[in-house]
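Engineer: Okay, so here is structure-v7.txt, and as you'll see once you scroll down, it has compact mmCIF, C-alpha atoms.
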```
# COMPACT_ATOMS: atom_id res chain seq x y z
CA MET A 260 -31.21 -8.32 -29.37
CA SER A 261 -30.90 -6.28 -26.21
CA SER A 262 -27.75 -6.46 -24.15
CA ILE A 263 -26.51 -5.67 -20.67
CA GLN A 264 -23.14 -4.34 -19.58
CA CYS A 265 -21.27 -6.81 -17.38
CA ASP A 266 -18.18 -6.02 -15.26
CA ILE A 267 -16.41 -8.69 -13.27
CA VAL A 268 -13.73 -7.24 -11.01
CA SER A 269 -11.66 -8.56 -8.14
CA ALA A 270 -9.65 -6.50 -5.67
CA GLU A 271 -6.52 -7.29 -7.64
CA THR A 272 -7.58 -6.96 -11.23
CA GLU A 273 -10.37 -6.48 -13.77
CA ILE A 274 -11.48 -9.91 -14.96
CA PHE A 275 -14.15 -9.24 -17.60
CA SER A 276 -15.91 -6.26 -19.04
CA GLY A 277 -18.27 -6.08 -21.98
CA GLU A 278 -21.78 -6.21 -23.42
CA VAL A 279 -23.43 -9.56 -22.82
CA ALA A 280 -26.79 -11.19 -23.48
CA MET A 281 -27.16 -12.88 -20.11
CA VAL A 282 -25.31 -13.54 -16.86
CA PHE A 283 -25.62 -16.66 -14.70
CA ALA A 284 -24.33 -16.85 -11.14
CA THR A 285 -24.81 -18.74 -7.90
CA GLY A 286 -26.21 -16.53 -5.18
CA VAL A 287 -26.54 -17.51 -1.53
CA ALA A 288 -30.27 -17.96 -2.11
CA GLY A 289 -29.90 -19.99 -5.30
CA GLU A 290 -29.10 -19.87 -8.98
CA LEU A 291 -29.60 -16.57 -10.75
CA GLY A 292 -30.01 -15.78 -14.40
CA ILE A 293 -29.87 -12.10 -15.22
CA ALA A 294 -31.24 -10.84 -18.48
CA PRO A 295 -31.21 -7.21 -19.61
CA ARG A 296 -33.60 -4.96 -17.68
CA HIS A 297 -33.54 -7.12 -14.60
CA ALA A 298 -34.82 -5.45 -11.44
CA PRO A 299 -32.15 -3.85 -9.23
CA LEU A 300 -30.71 -6.53 -6.97
CA ILE A 301 -27.85 -7.06 -4.58
CA THR A 302 -26.85 -10.50 -3.44
CA LEU A 303 -23.90 -12.29 -1.96
CA LEU A 304 -22.35 -15.00 -4.12
CA LYS A 305 -21.48 -18.53 -3.17
CA ALA A 306 -18.32 -20.18 -4.41
CA GLY A 307 -18.97 -21.34 -7.94
CA GLU A 308 -19.20 -20.36 -11.53
CA VAL A 309 -20.13 -17.04 -13.04
CA ARG A 310 -21.16 -17.68 -16.63
CA VAL A 311 -21.69 -14.93 -19.17
CA GLU A 312 -23.47 -15.49 -22.45
CA LEU A 313 -22.05 -13.24 -25.11
CA GLN A 314 -24.22 -11.74 -27.81
CA ASP A 315 -23.06 -14.28 -30.40
CA GLY A 316 -24.33 -17.07 -28.16
CA THR A 317 -20.92 -18.26 -26.90
CA HIS A 318 -20.33 -18.72 -23.20
CA GLN A 319 -17.47 -17.71 -20.96
CA ASN A 320 -16.94 -19.17 -17.52
CA TYR A 321 -15.25 -17.61 -14.54
CA TYR A 322 -14.74 -19.17 -11.17
CA VAL A 323 -15.35 -17.03 -8.11
CA SER A 324 -14.93 -18.17 -4.54
CA GLY A 325 -17.52 -15.73 -3.27
CA GLY A 326 -18.29 -12.08 -3.62
CA ILE A 327 -21.06 -9.62 -4.32
CA LEU A 328 -23.37 -9.34 -7.30
CA GLU A 329 -25.01 -6.01 -8.03
CA VAL A 330 -27.66 -5.63 -10.71
CA GLN A 331 -29.05 -2.48 -12.21
CA PRO A 332 -31.29 -2.55 -15.30
CA TYR A 333 -28.43 -2.08 -17.73
CA LEU A 334 -25.47 -3.10 -15.60
CA VAL A 335 -24.31 -6.20 -13.78
CA SER A 336 -21.23 -5.92 -11.57
CA VAL A 337 -19.61 -8.88 -9.92
CA LEU A 338 -17.17 -8.05 -7.13
CA ALA A 339 -15.33 -11.34 -6.89
CA ASP A 340 -13.18 -12.74 -4.13
CA THR A 341 -10.21 -14.39 -5.74
CA ALA A 342 -9.13 -16.31 -2.69
CA VAL A 343 -11.04 -19.02 -0.90
CA ARG A 344 -12.50 -17.32 2.12
CA ALA A 345 -13.92 -19.03 5.12
CA GLU A 346 -14.31 -17.96 8.71
CA ASP A 347 -11.73 -20.45 10.01
CA ILE A 348 -9.16 -19.66 7.29
CA ASP A 349 -9.49 -15.94 8.05
CA GLU A 350 -9.18 -16.69 11.73
CA ALA A 351 -5.98 -18.68 11.13
CA ALA A 352 -4.51 -15.76 9.20
CA ALA A 353 -5.39 -13.40 12.05
CA ILE A 354 -3.75 -15.67 14.61
CA GLN A 355 -0.65 -15.96 12.47
CA ALA A 356 -0.37 -12.18 12.23
CA LYS A 357 -0.70 -11.89 16.01
CA GLU A 358 1.97 -14.51 16.59
CA GLU A 359 4.32 -12.68 14.26
CA ALA A 360 3.92 -9.56 16.41
CA GLU A 361 4.58 -11.51 19.60
CA ARG A 362 7.70 -13.02 18.11
CA LEU A 363 8.94 -9.54 17.16
CA LEU A 364 8.33 -8.17 20.62
CA LYS A 365 10.13 -11.05 22.29
CA ASP A 366 13.58 -10.16 20.98
CA SER A 367 13.30 -6.44 21.55
CA ASP A 368 14.62 -5.63 25.01
CA LYS A 369 14.06 -1.96 25.65
CA ARG A 370 11.16 0.06 24.28
CA GLN A 371 11.26 3.81 23.93
CA ASP A 372 8.30 6.09 24.41
CA LEU A 373 6.74 8.04 21.57
CA ALA A 374 8.21 11.41 22.48
CA GLN A 375 11.75 10.12 22.30
CA VAL A 376 11.15 8.29 19.05
CA GLN A 377 9.64 11.44 17.62
CA ALA A 378 12.78 13.37 18.52
CA ASP A 379 15.02 10.69 17.00
CA LEU A 380 13.00 10.69 13.81
CA ALA A 381 13.10 14.47 13.51
CA LYS A 382 16.87 14.23 13.81
CA ALA A 383 17.06 11.57 11.10
CA VAL A 384 14.87 13.60 8.75
CA ALA A 385 16.98 16.70 9.35
CA GLN A 386 20.10 14.67 8.57
CA ILE A 387 18.65 13.40 5.32
CA GLN A 388 17.69 16.91 4.31
CA ALA A 389 21.09 18.30 5.24
CA ILE A 390 22.85 15.63 3.21
CA SER A 391 20.77 16.25 0.12
CA ARG A 392 21.29 20.01 0.45
CA LEU A 393 25.02 19.45 0.81
CA LYS A 394 25.05 17.32 -2.33
CA LYS A 395 23.28 20.03 -4.31
CA ASN A 396 25.75 22.67 -3.17
CA LEU A 397 28.69 20.49 -4.08
CA LYS A 398 27.46 20.06 -7.60
CA ARG A 399 27.29 23.77 -8.22
CA MET B 85 55.61 3.68 -11.93
CA ALA B 86 53.80 3.53 -8.65
CA VAL B 87 52.19 6.95 -8.56
CA GLY B 88 48.89 7.29 -6.71
CA ARG B 89 48.12 3.63 -6.34
CA GLU B 90 45.72 4.50 -3.53
CA ILE B 91 43.83 6.82 -5.86
CA VAL B 92 43.50 4.13 -8.50
CA THR B 93 42.09 1.69 -5.94
CA LYS B 94 39.66 4.31 -4.74
CA ILE B 95 38.48 5.05 -8.30
CA LYS B 96 37.91 1.35 -8.91
CA SER B 97 35.85 0.96 -5.77
CA VAL B 98 33.70 3.99 -6.61
CA GLN B 99 33.22 2.62 -10.10
CA SER B 100 31.90 -0.68 -8.80
CA THR B 101 29.56 1.13 -6.40
CA LYS B 102 28.30 3.14 -9.34
CA LYS B 103 27.57 -0.06 -11.25
CA VAL B 104 25.47 -1.33 -8.36
CA THR B 105 23.51 1.90 -7.89
CA SER B 106 22.79 2.33 -11.58
CA ALA B 107 21.64 -1.29 -11.78
CA LEU B 108 19.30 -0.72 -8.82
CA GLU B 109 18.02 2.43 -10.49
CA MET B 110 17.15 0.55 -13.66
CA VAL B 111 15.49 -2.28 -11.75
CA SER B 112 13.30 0.20 -9.88
CA ALA B 113 12.45 2.07 -13.06
CA SER B 114 11.07 -1.10 -14.61
CA LYS B 115 9.19 -2.04 -11.45
CA ILE B 116 7.42 1.31 -11.18
CA LYS B 117 5.49 0.54 -14.34
CA LYS B 118 4.22 -2.77 -12.99
CA ALA B 119 3.34 -1.31 -9.61
CA LYS B 120 1.43 1.53 -11.26
CA ASP B 121 -0.51 -0.87 -13.47
CA GLN B 122 -1.49 -2.97 -10.49
CA MET B 123 -2.61 0.16 -8.68
CA LEU B 124 -4.88 1.13 -11.56
CA GLU B 125 -6.30 -2.38 -11.87
CA ALA B 126 -7.37 -2.39 -8.24
CA ARG B 127 -9.29 0.85 -8.55
CA PRO B 128 -12.58 -0.30 -10.18
CA TYR B 129 -13.23 -2.72 -7.30
CA ALA B 130 -12.94 -0.05 -4.61
CA LYS B 131 -15.07 2.29 -6.68
CA GLN B 132 -17.85 -0.28 -7.12
CA MET B 133 -17.73 -1.03 -3.40
CA GLN B 134 -18.16 2.62 -2.62
CA THR B 135 -21.19 2.87 -4.87
CA ILE B 136 -22.80 -0.15 -3.25
CA ILE B 137 -22.15 1.13 0.24
CA GLY B 138 -23.67 4.43 -0.77
CA HIS B 139 -26.80 2.64 -1.99
CA LEU B 140 -27.01 0.45 1.07
CA ALA B 141 -26.69 3.36 3.45
CA HIS B 142 -29.67 4.93 1.69
CA ALA B 143 -31.57 1.66 1.53
CA SER B 144 -31.69 1.02 5.25
CA PRO B 145 -31.29 4.35 6.97
CA GLU B 146 -32.75 3.06 10.24
CA TYR B 147 -29.96 0.49 10.61
CA ARG B 148 -26.55 1.89 11.45
CA HIS B 149 -23.72 -0.60 11.28
CA PRO B 150 -21.13 -0.20 14.08
CA PHE B 151 -18.49 0.54 11.42
CA MET B 152 -20.40 3.68 10.49
CA LYS B 153 -21.03 4.99 13.99
CA GLU B 154 -18.84 7.62 15.58
CA ARG B 155 -18.12 6.96 19.22
CA GLU B 156 -15.96 8.40 21.94
CA VAL B 157 -12.32 7.57 21.27
CA LYS B 158 -10.58 5.69 24.06
CA ARG B 159 -8.22 3.61 21.96
CA VAL B 160 -7.05 4.27 18.46
CA GLY B 161 -5.68 1.69 16.03
CA TYR B 162 -3.18 2.15 13.22
CA VAL B 163 -2.42 0.02 10.20
CA VAL B 164 1.07 1.08 9.17
CA ILE B 165 2.33 0.13 5.73
CA SER B 166 6.06 0.36 5.07
CA THR B 167 8.55 -1.00 2.57
CA ASP B 168 10.38 -4.28 3.08
CA ARG B 169 13.79 -3.01 2.11
CA GLY B 170 15.81 0.14 2.62
CA LEU B 171 17.82 2.23 0.15
CA CYS B 172 14.81 4.34 -0.75
CA GLY B 173 15.86 7.71 0.61
CA GLY B 174 13.76 9.20 3.38
CA LEU B 175 10.56 7.41 2.40
CA ASN B 176 10.07 5.32 5.55
CA THR B 177 11.60 7.87 7.89
CA ASN B 178 9.21 10.56 6.71
CA LEU B 179 6.28 8.19 7.01
CA PHE B 180 7.13 7.15 10.56
CA LYS B 181 7.66 10.76 11.54
CA LYS B 182 4.19 11.69 10.35
CA CYS B 183 2.69 8.61 11.96
CA VAL B 184 4.39 9.10 15.33
CA ALA B 185 3.38 12.76 15.38
CA ASP B 186 -0.23 11.71 14.84
CA MET B 187 -0.01 9.09 17.58
CA LYS B 188 1.53 11.59 19.96
CA VAL B 189 -1.49 13.87 19.59
CA TRP B 190 -3.78 11.01 20.65
CA GLN B 191 -1.50 9.86 23.44
CA ASP B 192 -1.35 13.33 24.93
CA LYS B 193 -5.13 13.17 25.22
CA GLY B 194 -4.81 9.95 27.19
CA VAL B 195 -5.85 7.74 24.29
CA LYS B 196 -4.09 4.39 23.96
CA VAL B 197 -2.45 3.50 20.68
CA GLU B 198 -2.54 0.06 19.05
CA VAL B 199 -0.60 -0.81 15.93
CA VAL B 200 -0.50 -3.49 13.26
CA THR B 201 2.30 -3.37 10.73
CA ILE B 202 2.68 -4.44 7.11
CA GLY B 203 6.25 -4.68 5.83
CA ASN B 204 9.61 -5.32 7.48
CA LYS B 205 10.66 -1.74 8.14
CA ALA B 206 7.54 -0.87 10.10
CA ALA B 207 7.83 -4.07 12.13
CA SER B 208 11.40 -3.39 13.17
CA PHE B 209 10.56 0.24 13.91
CA PHE B 210 7.49 -0.32 16.05
CA LYS B 211 9.00 -3.12 18.10
CA LYS B 212 11.27 -0.45 19.54
CA VAL B 213 8.43 1.96 20.27
CA ASP B 214 6.29 1.78 23.35
CA VAL B 215 2.94 1.16 21.68
CA ASN B 216 0.80 -1.95 21.64
CA LEU B 217 1.89 -3.95 18.58
CA LYS B 218 -1.02 -6.29 17.94
CA ALA B 219 -0.18 -8.03 14.71
CA SER B 220 2.31 -7.95 11.89
CA ILE B 221 2.87 -9.18 8.35
CA PRO B 222 6.55 -9.35 7.49
CA SER B 223 6.85 -9.12 3.73
CA LEU B 224 4.57 -8.92 0.72
CA GLY B 225 7.07 -9.00 -2.12
CA ASP B 226 6.77 -7.22 -5.45
CA LYS B 227 3.35 -8.55 -6.31
CA PRO B 228 1.22 -8.18 -3.20
CA GLU B 229 -1.86 -10.34 -2.86
CA LEU B 230 -4.96 -9.43 -0.93
CA THR B 231 -4.94 -12.86 0.72
CA LYS B 232 -1.89 -11.99 2.77
CA LEU B 233 -3.54 -8.92 4.25
CA ILE B 234 -6.61 -10.71 5.58
CA GLY B 235 -4.94 -11.56 8.90
CA VAL B 236 -3.94 -8.07 10.01
CA VAL B 237 -7.13 -6.45 8.75
CA LYS B 238 -9.24 -9.01 10.57
CA VAL B 239 -7.41 -8.38 13.84
CA MET B 240 -8.31 -4.70 13.61
CA LEU B 241 -11.89 -5.19 12.37
CA GLU B 242 -12.57 -7.56 15.25
CA ALA B 243 -11.02 -5.15 17.72
CA PHE B 244 -13.29 -2.44 16.36
CA SER B 245 -16.39 -4.63 16.56
CA ASP B 246 -15.53 -5.60 20.16
CA GLU B 247 -15.02 -1.91 20.97
CA LYS B 248 -11.37 -2.52 21.80
CA ILE B 249 -10.52 0.30 19.44
CA ASP B 250 -12.78 3.21 18.56
CA ARG B 251 -11.03 4.50 15.52
CA LEU B 252 -8.82 2.97 12.85
CA ASN B 253 -6.29 4.82 10.74
CA LEU B 254 -4.28 3.72 7.75
CA VAL B 255 -0.73 5.05 7.34
CA PHE B 256 0.98 4.80 3.96
CA ASN B 257 2.86 6.72 1.29
CA ASP B 258 0.46 8.13 -1.24
CA PHE B 259 1.87 7.89 -4.75
CA ILE B 260 1.33 11.26 -6.42
CA ASN B 261 3.92 10.98 -9.17
CA SER B 262 7.38 9.52 -9.66
CA ILE B 263 9.03 12.40 -7.79
CA VAL B 264 6.45 13.14 -5.09
CA GLN B 265 5.21 10.67 -2.51
CA LYS B 266 3.14 11.96 0.34
CA PRO B 267 3.08 10.28 3.76
CA THR B 268 -0.60 9.99 4.56
CA VAL B 269 -2.75 9.16 7.57
CA GLN B 270 -6.23 8.15 6.40
CA GLN B 271 -9.21 7.35 8.58
CA LEU B 272 -10.63 3.88 7.84
CA LEU B 273 -13.16 3.40 10.61
CA PRO B 274 -15.68 4.66 11.38
CA LEU B 275 -16.44 5.15 7.70
CA GLU B 276 -17.24 8.68 6.84
CA PRO B 277 -20.67 8.71 5.19
CA THR B 278 -20.49 9.25 1.44
CA LYS B 279 -22.37 12.31 0.30
CA ASP B 280 -22.58 11.24 -3.30
CA GLU B 281 -25.27 13.20 -5.09
CA ASN B 282 -25.26 10.79 -8.01
CA ILE B 283 -26.95 8.06 -6.04
CA LYS B 284 -30.54 7.93 -7.15
CA LYS B 285 -32.83 7.93 -4.20
CA ASN B 286 -35.90 6.88 -6.10
CA PHE B 287 -35.06 3.21 -6.58
CA ASP B 288 -34.14 0.45 -4.21
CA TYR B 289 -32.59 -2.96 -4.60
CA LEU B 290 -33.91 -6.37 -3.89
CA TYR B 291 -31.68 -7.83 -1.22
CA GLU B 292 -30.59 -11.41 -0.87
CA PRO B 293 -30.24 -11.98 2.07
CA GLU B 294 -31.16 -8.96 4.24
CA ALA B 295 -29.71 -5.52 3.58
CA LYS B 296 -28.03 -5.72 6.98
CA ASP B 297 -26.14 -8.92 6.13
CA VAL B 298 -25.08 -7.58 2.76
CA LEU B 299 -23.86 -4.37 4.39
CA GLU B 300 -21.87 -6.31 6.97
CA PHE B 301 -20.14 -8.30 4.24
CA VAL B 302 -19.51 -5.33 1.98
CA LEU B 303 -18.04 -3.15 4.73
CA GLY B 304 -15.47 -5.78 5.70
CA ARG B 305 -14.42 -6.24 2.09
CA TYR B 306 -14.33 -2.49 1.57
CA VAL B 307 -11.88 -1.91 4.40
CA GLU B 308 -9.72 -4.73 3.06
CA SER B 309 -9.70 -3.19 -0.38
CA LEU B 310 -8.73 0.21 1.05
CA VAL B 311 -5.79 -1.34 2.89
CA PHE B 312 -4.84 -3.24 -0.26
CA GLN B 313 -4.97 -0.02 -2.27
CA GLY B 314 -2.69 1.55 0.36
CA VAL B 315 -0.22 -1.30 -0.03
CA LEU B 316 -0.14 -0.80 -3.79
CA GLU B 317 0.31 2.97 -3.47
CA ASN B 318 3.13 2.37 -1.03
CA LEU B 319 4.80 -0.12 -3.38
CA ALA B 320 4.74 2.32 -6.28
CA SER B 321 6.10 5.01 -3.93
CA GLU B 322 8.88 2.68 -2.80
CA HIS B 323 10.10 1.98 -6.29
CA SER B 324 10.04 5.59 -7.40
CA ALA B 325 11.73 6.78 -4.20
CA ARG B 326 14.40 4.16 -4.67
CA MET B 327 14.88 5.15 -8.28
CA VAL B 328 15.41 8.79 -7.32
CA ALA B 329 17.75 7.89 -4.46
CA MET B 330 19.79 5.58 -6.66
CA LYS B 331 19.92 8.11 -9.47
CA SER B 332 21.42 10.74 -7.19
CA ALA B 333 23.85 8.14 -5.82
CA THR B 334 24.94 7.31 -9.38
CA ASP B 335 25.37 11.01 -10.17
CA ASN B 336 27.45 11.47 -7.05
CA ALA B 337 29.64 8.52 -7.96
CA THR B 338 30.21 10.02 -11.43
CA ASP B 339 31.27 13.35 -9.90
CA LEU B 340 33.52 11.60 -7.43
CA ILE B 341 35.24 9.57 -10.15
CA LYS B 342 35.82 12.74 -12.19
CA GLU B 343 37.44 14.50 -9.22
CA LEU B 344 39.58 11.51 -8.31
CA GLN B 345 40.72 11.13 -11.91
CA LEU B 346 41.81 14.77 -11.92
CA ILE B 347 43.77 14.34 -8.71
CA TYR B 348 45.38 11.21 -10.10
CA ASN B 349 46.40 12.92 -13.33
CA LYS B 350 47.92 15.83 -11.44
CA ALA B 351 49.91 13.52 -9.22
CA ARG B 352 51.16 11.56 -12.19
CA GLN B 353 52.20 14.69 -14.05
CA ALA B 354 53.97 16.05 -11.01
CA ALA B 355 55.91 12.82 -10.67
CA ILE B 356 56.99 12.93 -14.34
CA THR B 357 58.03 16.57 -14.10
CA GLN B 358 60.03 15.83 -11.02
CA GLU B 359 61.79 12.92 -12.71
CA ILE B 360 62.69 15.02 -15.77
CA SER B 361 64.05 17.81 -13.64
CA GLU B 362 66.08 15.24 -11.72
CA ILE B 363 67.55 13.84 -14.94
CA VAL B 364 68.26 17.33 -16.30
CA GLY B 365 69.82 18.32 -12.98
CA GLY B 366 71.90 15.13 -13.02
CA ALA B 367 73.08 15.74 -16.61
CA ALA B 368 74.04 19.31 -15.79
CA ALA B 369 76.10 18.11 -12.85
CA VAL B 370 78.18 15.68 -14.93
```
Would it be possible to restate this file's structure as structure tokens?

Structural biologist:
Amino acid sequence: MSSIQCDIVSAETEIFSGEVAMVFATGVAGELGIAPRHAPLITLLKAGEVRVELQDGTHQNYYVSGGILEVQPYLVSVLADTAVRAEDIDEAAAIQAKEEAERLLKDSDKRQDLAQVQADLAKAVAQIQAISRLKKNLKR
Amino acid sequence: MAVGREIVTKIKSVQSTKKVTSALEMVSASKIKKAKDQMLEARPYAKQMQTIIGHLAHASPEYRHPFMKEREVKRVGYVVISTDRGLCGGLNTNLFKKCVADMKVWQDKGVKVEVVTIGNKAASFFKKVDVNLKASIPSLGDKPELTKLIGVVKVMLEAFSDEKIDRLNLVFNDFINSIVQKPTVQQLLPLEPTKDENIKKNFDYLYEPEAKDVLEFVLGRYVESLVFQGVLENLASEHSARMVAMKSATDNATDLIKELQLIYNKARQAAITQEISEIVGGAAAV
């Protein structure tokens, strides 16, 4: 029986990797079943199940909440989103991040310009270096 | 006998400091392993993304997504990743120095600088600096999740799409090995075109939906995964920098205790000698 290499990865971890007989997934345009030597294909995935049929006929199910499916004749890769992603949820996260910045800026009274900060930083770095050099000399 | 009580107190306090620093060192040592593993696990995703983008760029050469177009730089955006906690030597200081130097170059050309921060140290640093702080994520903890980054990345991606920024840089500590961490400024947007020779030009994909839509989706996710990778690199750097800093602190404490012990012994001996000579002197006088 012919087989096809299947890799399911998310940004955080590798979920599945191995030789399989067939892969089933839900694309934005409908259900997909991918057998070995499928034509090259790229599609976006809808939230749902990705099912792989192993060579011994057993099935394994993985849930993805979206992502990308890439097919080459001997390789299927699923780039899964682990989190539930939707435009409004993303938007809420963006707004929250902005608010956090506003809150930070509220309790800072005086802001220095870049040149001054650069000078202060150079001083701090020099101090750190001097201290570590001093420590080395003391040990000797 | 009350000789050198101050020295004894001092020795005790240094000893307890040493306990703390060596505990911190061990904690960091164990966390490095986890952080490194997570870093490696995140790599296949970014690599796959890169391959797909490479294919897509070849597939529809007539369509150029805004994320891939160079344009005149009027405003530049930075995503700055820092640690949440201190006690990690000069890690953050070196990073901010590099970052500020880079910003200064742009500012001198009359380009405005916009910043989003990830991590507590960057937030408290950039609120004192006169740049436009657009968004911020306070703390990611020891096991960062991509979900938490979506907000800040989206703010910048939108700004780029709306032409509010013309360039986006990522600032983080690149983990080279346990001793070396390199403060790095990496260009995120516009994406530099991949010149991968391995991409076969003689086949094309079927696209569902259009190549353009797929590209749009993939590019957003790709930038997110790059930022996430940066966060992981920075986390591994943090733990190893802290381990090194704490190790040298522990060594210093050991040296200090040795010296103090020596001083204490001398003082004690001097006191005994003095007492004996007093007794002998007293006996001789009788």

Engineer: Which one is closest to chain A: B:Val311, B:Ile356, B:Val236, B:Ile137? Count only C-alpha atoms.

Structural biologist: B:Val236

Engineer: Could you list, as a PyMOL selection string, the residues of chain B having an atom within 8 Å of chain A when counting all atoms listed in the file?

Structural biologist: chain B and resi 122+125-130+132-133+136+173-174+177-178+180-181+184-185+187-188+207-208+211-215+217-222+229-232+234-239+288-293+298+302+309+312+336

Engineer: When you draw a straight line from CA of Lys131 in chain B to CA of Ile249 in chain B, how long is it in Å?

Structural biologist: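 Distance reported for this atom pair: 26.6 Å.
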
Engineer: Residues within 8 Å of Gly314 in chain B, please, as a PyMOL selection string. Count all atoms listed in the file; anything in the same chain fewer than 6 positions from it doesn't count.

Structural biologist: chain B and resi 165+254+256-258

Engineer: For CA of Ala329 in chain B and CA of Lys266 in chain B, determine how far apart the two atoms are, in Å to one decimal place.

Structural biologist: 15.9 Å

Engineer: Grab the CA of Ala141 in chain B to CA of Val163 in chain B distance for me, in Å with one decimal place.

Structural biologist: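 So the two atoms, CA of Ala141 in chain B and CA of Val163 in chain B, lie 25.4 Å apart.
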
Engineer: Quick one: residues within 12 Å of Asp315 in chain A, all atoms listed in the file counted, chain neighbours fewer than 6 positions away excluded, as a PyMOL selection string?

Structural biologist: chain A and resi 260-262+278-281

Engineer: Of the candidates B:Ile202, B:Val164, B:Leu273, B:Met110, which one gets nearest to Val307 in chain B if we count all atoms listed in the file?

Structural biologist: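 Checking each of B:Ile202, B:Val164, B:Leu273, B:Met110 against Val307 in chain B, counting all atoms listed in the file, the winner is B:Leu273.
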
Engineer: Of the candidates B:Lys103, B:Arg155, B:His142, B:Lys118, which shows the shortest atom-to-atom distance to Leu319 in chain B, using all atoms listed in the file?

Structural biologist: B:Lys118

Engineer: Fewer than 4 positions away in the same chain doesn't count, so skip those; otherwise give me all residues within 7 Å of Leu299 in chain B, counting all atoms listed in the file, as a list in words.

Structural biologist: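 In the requested format, the answer is Leu140, Ala295 and Leu303 of chain B.
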
Engineer: Find, counting all atoms listed in the file, the residue in A:Glu290, A:Val282, A:Val335, A:Pro295 that gets nearest to Gln319 in chain A.

Structural biologist: A:Val282

Engineer: Will you give me range 314-330 of chain B, written with N, CA and C atoms and laid out as an mmCIF file, in the first residue's frame?

Structural biologist:
```cif
data_model
loop_
_atom_site.group_PDB
_atom_site.id
_atom_site.type_symbol
_atom_site.label_atom_id
_atom_site.label_comp_id
_atom_site.auth_asym_id
_atom_site.auth_seq_id
_atom_site.Cartn_x
_atom_site.Cartn_y
_atom_site.Cartn_z
ATOM 1 N N GLY B 314 10.979 34.931 18.401
ATOM 2 C CA GLY B 314 11.793 35.919 19.117
ATOM 3 C C GLY B 314 11.570 35.847 20.613
ATOM 4 N N VAL B 315 10.299 35.703 21.005
ATOM 5 C CA VAL B 315 9.974 35.609 22.427
ATOM 6 C C VAL B 315 10.655 34.391 23.057
ATOM 7 N N LEU B 316 10.632 33.278 22.327
ATOM 8 C CA LEU B 316 11.236 32.055 22.861
ATOM 9 C C LEU B 316 12.749 32.186 22.970
ATOM 10 N N GLU B 317 13.358 32.778 21.937
ATOM 11 C CA GLU B 317 14.811 33.010 21.970
ATOM 12 C C GLU B 317 15.159 33.871 23.180
ATOM 13 N N ASN B 318 14.346 34.916 23.370
ATOM 14 C CA ASN B 318 14.609 35.844 24.455
ATOM 15 C C ASN B 318 14.473 35.159 25.814
ATOM 16 N N LEU B 319 13.502 34.252 25.919
ATOM 17 C CA LEU B 319 13.285 33.535 27.177
ATOM 18 C C LEU B 319 14.489 32.645 27.494
ATOM 19 N N ALA B 320 14.967 31.922 26.492
ATOM 20 C CA ALA B 320 16.134 31.070 26.696
ATOM 21 C C ALA B 320 17.334 31.930 27.085
ATOM 22 N N SER B 321 17.477 33.092 26.416
ATOM 23 C CA SER B 321 18.567 34.015 26.738
ATOM 24 C C SER B 321 18.456 34.492 28.180
ATOM 25 N N GLU B 322 17.215 34.812 28.596
ATOM 26 C CA GLU B 322 17.016 35.316 29.952
ATOM 27 C C GLU B 322 17.512 34.314 30.983
ATOM 28 N N HIS B 323 17.096 33.061 30.813
ATOM 29 C CA HIS B 323 17.457 32.070 31.811
ATOM 30 C C HIS B 323 18.958 31.830 31.841
ATOM 31 N N SER B 324 19.586 31.792 30.649
ATOM 32 C CA SER B 324 21.024 31.521 30.691
ATOM 33 C C SER B 324 21.789 32.732 31.212
ATOM 34 N N ALA B 325 21.322 33.950 30.889
ATOM 35 C CA ALA B 325 21.994 35.137 31.424
ATOM 36 C C ALA B 325 21.858 35.181 32.938
ATOM 37 N N ARG B 326 20.663 34.811 33.418
ATOM 38 C CA ARG B 326 20.463 34.822 34.857
ATOM 39 C C ARG B 326 21.336 33.771 35.522
ATOM 40 N N MET B 327 21.449 32.618 34.877
ATOM 41 C CA MET B 327 22.268 31.565 35.469
ATOM 42 C C MET B 327 23.717 32.034 35.617
ATOM 43 N N VAL B 328 24.233 32.666 34.555
ATOM 44 C CA VAL B 328 25.623 33.136 34.603
ATOM 45 C C VAL B 328 25.785 34.213 35.670
ATOM 46 N N ALA B 329 24.831 35.153 35.708
ATOM 47 C CA ALA B 329 24.911 36.235 36.691
ATOM 48 C C ALA B 329 24.872 35.683 38.112
ATOM 49 N N MET B 330 23.990 34.730 38.335
ATOM 50 C CA MET B 330 23.841 34.167 39.678
ATOM 51 C C MET B 330 25.035 33.306 40.058
#
```
